[in-house]
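K.L.:
One file is attached below, entry-v9.cif, containing mmCIF, C-alpha atoms.
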data_entry
#
loop_
_atom_site.group_PDB
_atom_site.id
_atom_site.type_symbol
_atom_site.label_atom_id
_atom_site.label_comp_id
_atom_site.auth_asym_id
_atom_site.auth_seq_id
_atom_site.Cartn_x
_atom_site.Cartn_y
_atom_site.Cartn_z
ATOM 1 C CA MET A 1 79.254 76.648 90.344
ATOM 2 C CA SER A 2 82.147 78.477 88.749
ATOM 3 C CA LYS A 3 85.667 78.443 90.094
ATOM 4 C CA PRO A 4 86.608 81.630 91.930
ATOM 5 C CA LEU A 5 89.180 84.222 91.043
ATOM 6 C CA VAL A 6 91.359 84.614 94.131
ATOM 7 C CA TRP A 7 93.461 87.604 95.154
ATOM 8 C CA ILE A 8 96.072 87.230 97.858
ATOM 9 C CA MET A 9 96.838 90.681 99.183
ATOM 10 C CA ALA A 10 100.273 90.315 100.800
ATOM 11 C CA SER A 11 101.939 93.708 100.301
ATOM 12 C CA ALA A 12 102.093 96.593 102.739
ATOM 13 C CA PRO A 13 99.699 99.351 101.683
ATOM 14 C CA HIS A 14 102.143 102.134 100.845
ATOM 15 C CA HIS A 15 105.436 100.375 100.232
ATOM 16 C CA SER A 16 104.759 99.994 96.498
ATOM 17 C CA ALA A 17 101.872 100.193 94.049
ATOM 18 C CA ASN A 18 100.967 96.527 94.620
ATOM 19 C CA ALA A 19 98.105 97.212 97.026
ATOM 20 C CA ARG A 20 96.509 99.840 94.785
ATOM 21 C CA GLU A 21 96.972 97.764 91.641
ATOM 22 C CA GLY A 22 95.605 94.657 93.333
ATOM 23 C CA LEU A 23 92.539 96.528 94.525
ATOM 24 C CA ASP A 24 91.968 97.968 91.048
ATOM 25 C CA ALA A 25 92.207 94.457 89.596
ATOM 26 C CA ILE A 26 89.694 93.157 92.150
ATOM 27 C CA LEU A 27 87.206 95.866 91.181
ATOM 28 C CA ALA A 28 87.698 95.197 87.467
ATOM 29 C CA ALA A 29 87.284 91.444 87.922
ATOM 30 C CA SER A 30 84.095 91.921 89.898
ATOM 31 C CA ALA A 31 82.516 93.328 86.730
ATOM 32 C CA VAL A 32 83.011 90.041 84.875
ATOM 33 C CA SER A 33 82.992 87.422 87.631
ATOM 34 C CA GLU A 34 80.501 86.679 90.361
ATOM 35 C CA ASP A 35 82.999 84.663 92.374
ATOM 36 C CA VAL A 36 85.823 86.907 93.581
ATOM 37 C CA VAL A 37 87.734 85.994 96.744
ATOM 38 C CA VAL A 38 90.172 88.257 98.599
ATOM 39 C CA TYR A 39 92.627 86.923 101.195
ATOM 40 C CA PHE A 40 94.834 89.191 103.303
ATOM 41 C CA ASP A 41 98.098 87.581 104.329
ATOM 42 C CA GLY A 42 101.523 88.686 105.501
ATOM 43 C CA ASP A 43 102.075 92.443 105.352
ATOM 44 C CA GLY A 44 98.809 92.700 103.416
ATOM 45 C CA VAL A 45 96.944 92.800 106.725
ATOM 46 C CA TRP A 46 98.296 96.345 107.186
ATOM 47 C CA GLN A 47 96.103 97.429 104.235
ATOM 48 C CA LEU A 48 93.038 97.205 106.478
ATOM 49 C CA LEU A 49 94.424 98.962 109.555
ATOM 50 C CA ALA A 50 92.059 101.679 110.726
ATOM 51 C CA GLY A 51 93.313 105.227 111.192
ATOM 52 C CA GLN A 52 95.830 105.306 108.355
ATOM 53 C CA GLN A 53 96.882 108.735 107.106
ATOM 54 C CA PRO A 54 98.580 108.079 103.762
ATOM 55 C CA GLU A 55 98.179 111.681 102.683
ATOM 56 C CA GLN A 56 101.010 112.425 105.136
ATOM 57 C CA ILE A 57 103.335 110.588 102.731
ATOM 58 C CA ARG A 58 101.495 111.782 99.628
ATOM 59 C CA GLN A 59 99.840 108.456 98.885
ATOM 60 C CA ARG A 60 96.306 107.711 97.764
ATOM 61 C CA HIS A 61 94.060 106.469 100.567
ATOM 62 C CA ILE A 62 92.827 103.062 99.392
ATOM 63 C CA LEU A 63 91.092 102.031 102.606
ATOM 64 C CA PRO A 64 87.759 103.693 101.724
ATOM 65 C CA THR A 65 87.690 101.661 98.512
ATOM 66 C CA TYR A 66 87.874 98.432 100.511
ATOM 67 C CA GLY A 67 84.750 99.583 102.315
ATOM 68 C CA MET A 68 82.951 99.691 98.960
ATOM 69 C CA LEU A 69 83.652 96.085 97.994
ATOM 70 C CA ASP A 70 80.107 95.113 98.993
ATOM 71 C CA LEU A 71 78.792 97.445 96.292
ATOM 72 C CA TYR A 72 80.852 95.467 93.782
ATOM 73 C CA ASP A 73 79.478 92.165 95.147
ATOM 74 C CA VAL A 74 82.874 91.166 96.510
ATOM 75 C CA GLU A 75 81.746 89.511 99.700
ATOM 76 C CA GLN A 76 84.268 86.728 100.248
ATOM 77 C CA LEU A 77 86.931 88.476 102.315
ATOM 78 C CA PHE A 78 89.304 86.451 104.457
ATOM 79 C CA ILE A 79 92.320 87.222 106.601
ATOM 80 C CA ASN A 80 95.109 85.111 108.029
ATOM 81 C CA PRO A 81 94.771 85.378 111.833
ATOM 82 C CA ASP A 82 98.399 84.296 112.253
ATOM 83 C CA ALA A 83 99.553 87.247 110.118
ATOM 84 C CA LEU A 84 97.544 89.577 112.354
ATOM 85 C CA ALA A 85 99.022 88.101 115.532
ATOM 86 C CA GLU A 86 102.587 88.250 114.151
ATOM 87 C CA ARG A 87 102.114 91.996 113.655
ATOM 88 C CA GLY A 88 100.491 92.609 117.036
ATOM 89 C CA LEU A 89 97.099 93.298 115.461
ATOM 90 C CA GLU A 90 93.579 92.093 116.178
ATOM 91 C CA LEU A 91 90.427 92.122 114.074
ATOM 92 C CA ASP A 92 89.173 95.111 116.086
ATOM 93 C CA ASP A 93 92.129 97.153 114.771
ATOM 94 C CA LEU A 94 90.841 96.863 111.200
ATOM 95 C CA SER A 95 88.398 99.079 109.360
ATOM 96 C CA ILE A 96 86.597 96.115 107.792
ATOM 97 C CA GLN A 97 86.124 92.674 109.294
ATOM 98 C CA PRO A 98 87.161 89.863 106.951
ATOM 99 C CA GLU A 99 86.579 86.299 108.084
ATOM 100 C CA PRO A 100 89.612 84.742 109.813
ATOM 101 C CA LEU A 101 90.933 81.737 107.903
ATOM 102 C CA THR A 102 94.316 80.105 108.418
ATOM 103 C CA ARG A 103 96.620 79.808 105.430
ATOM 104 C CA GLN A 104 96.253 76.011 105.424
ATOM 105 C CA ARG A 105 92.432 76.153 105.453
ATOM 106 C CA PHE A 106 92.479 78.883 102.817
ATOM 107 C CA LEU A 107 94.613 76.766 100.491
ATOM 108 C CA GLN A 108 92.457 73.692 101.108
ATOM 109 C CA ARG A 109 89.312 75.641 100.352
ATOM 110 C CA PHE A 110 90.554 77.462 97.237
ATOM 111 C CA ALA A 111 93.134 75.059 95.802
ATOM 112 C CA THR A 112 90.939 74.488 92.765
ATOM 113 C CA SER A 113 90.258 78.148 92.037
ATOM 114 C CA HIS A 114 90.352 79.440 88.488
ATOM 115 C CA ALA A 115 93.359 81.630 89.253
ATOM 116 C CA MET A 116 95.263 83.042 92.215
ATOM 117 C CA LEU A 117 96.847 86.438 91.880
ATOM 118 C CA ARG A 118 99.242 87.732 94.513
ATOM 119 C CA PHE A 119 99.699 91.450 95.085
#
As structure tokens - that is how I would like this structure written.
P.N.:
Amino acid sequence: MSKPLVWIMASAPHHSANAREGLDAILAASAVSEDVVVYFDGDGVWQLLAGQQPEQIRQRHILPTYGMLDLYDVEQLFINPDALAERGLELDDLSIQPEPLTRQRFLQRFATSHAMLRF
């Protein structure tokens, strides 16, 4: 079994280009690696909030691309439930349903990954 490539998505969706660039990197990596893991933490949980209207602030809508991750065989999606709770959000508020995994359990599980990239 190969070691996974891990993305920690921790940036708000429209505050900077981090969310878009991270998502682009995930899609590119999925072409060369079968073991891609995505973890939403901190303000990164906002990236999955349903009902966003980024066109109102002239931003590209990245949420539909997250819905296509299955087509790219990116199936290991996790989210920090504490980050959701801190922001008054629940899994039902999100457009996709990543698996809840605390930060501690996430780090225990993926501490030996090939690389961790934070966007």
K.L.:
Name the residues in contact with Lys3 of chain A at a cut-off of 9 Å, using only C-alpha atoms, excluding same-chain residues fewer than 5 positions from it; report them as a PyMOL selection string.
P.N.:
chain A and resi 35+110+112-115
K.L.:
Run through the PyMOL selection byres ((chain A and resi 21-32) around 8) on the given coordinates and return the selected residues as a PyMOL selection string.
P.N.:
chain A and resi 7+9+17-20+33-36+66+69+72-74+118-119
K.L.:
Those residues you just picked out, can you put them in a file as a PDB file, in the frame of the given file with C-alpha atoms?
P.N.:
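As a result, out.pdb now contains:
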ATOM      1  CA  TRP A   7      93.461  87.604  95.154  1.00  0.00           C
ATOM      2  CA  MET A   9      96.838  90.681  99.183  1.00  0.00           C
ATOM      3  CA  ALA A  17     101.872 100.193  94.049  1.00  0.00           C
ATOM      4  CA  ASN A  18     100.967  96.527  94.620  1.00  0.00           C
ATOM      5  CA  ALA A  19      98.105  97.212  97.026  1.00  0.00           C
ATOM      6  CA  ARG A  20      96.509  99.840  94.785  1.00  0.00           C
ATOM      7  CA  SER A  33      82.992  87.422  87.631  1.00  0.00           C
ATOM      8  CA  GLU A  34      80.501  86.679  90.361  1.00  0.00           C
ATOM      9  CA  ASP A  35      82.999  84.663  92.374  1.00  0.00           C
ATOM     10  CA  VAL A  36      85.823  86.907  93.581  1.00  0.00           C
ATOM     11  CA  TYR A  66      87.874  98.432 100.511  1.00  0.00           C
ATOM     12  CA  LEU A  69      83.652  96.085  97.994  1.00  0.00           C
ATOM     13  CA  TYR A  72      80.852  95.467  93.782  1.00  0.00           C
ATOM     14  CA  ASP A  73      79.478  92.165  95.147  1.00  0.00           C
ATOM     15  CA  VAL A  74      82.874  91.166  96.510  1.00  0.00           C
ATOM     16  CA  ARG A 118      99.242  87.732  94.513  1.00  0.00           C
ATOM     17  CA  PHE A 119      99.699  91.450  95.085  1.00  0.00           C
TER      18      PHE A 119
END
K.L.:
Using the chain letters and numbers from this file, what does the PyMOL selection byres ((chain A and resi 46) around 10) select? Give the answer as a list in words.
P.N.:
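On the file shown, the PyMOL selection byres ((chain A and resi 46) around 10) covers Met9, Ala10, Ser11, Ala12, Pro13, His14, Phe40, Asp41, Gly42, Asp43, Gly44, Val45, Gln47, Leu48, Leu49, Ala50, Gln52, Ala83, Leu84, Arg87, Leu89, Asp93 and Leu94 of chain A.
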K.L.:
In Å, with one decimal, what is the gap from atom CA of Ile96 of chain A to atom CA of Thr65 of chain A?
P.N.:
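Computing it gives 10.9 Å between the two atoms.
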K.L.:
Would you please work out which residue, of A:Gln97, A:Met68, A:Ile8, A:Arg103, is nearest to Asn80 of chain A when using only C-alpha atoms?
P.N.:
A:Arg103
K.L.:
Between A:Ser2, A:Ser95, A:Thr102, A:Gln108, single out the one closest to Gly51 of chain A, counting only C-alpha atoms.
P.N.:
A:Ser95
K.L.:
What does the distance between atom CA of Leu5 of chain A and atom CA of Glu86 of chain A come to in Å, to one decimal place?
P.N.:
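If I compute the distance from atom CA of Leu5 of chain A to atom CA of Glu86 of chain A, I get 27.0 Å.
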K.L.:
Which one is closest to Arg109 of chain A: A:His15, A:Ala85, A:Val37, A:Glu75? Count all atoms listed in the file.
P.N.:
A:Val37
K.L.:
Using the chain letters and numbering of this document, enumerate as JSON, numbers by chain the residues selected by the PyMOL selection byres ((chain A and resi 98) around 8).
P.N.:
{"A": [76, 77, 78, 79, 96, 97, 99, 100]}
K.L.:
If you measure from atom CA of Tyr39 of chain A to atom CA of Val6 of chain A, what distance in Å do you get, rounded to one decimal?
P.N.:
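Distance between the two atoms: 7.5 Å.
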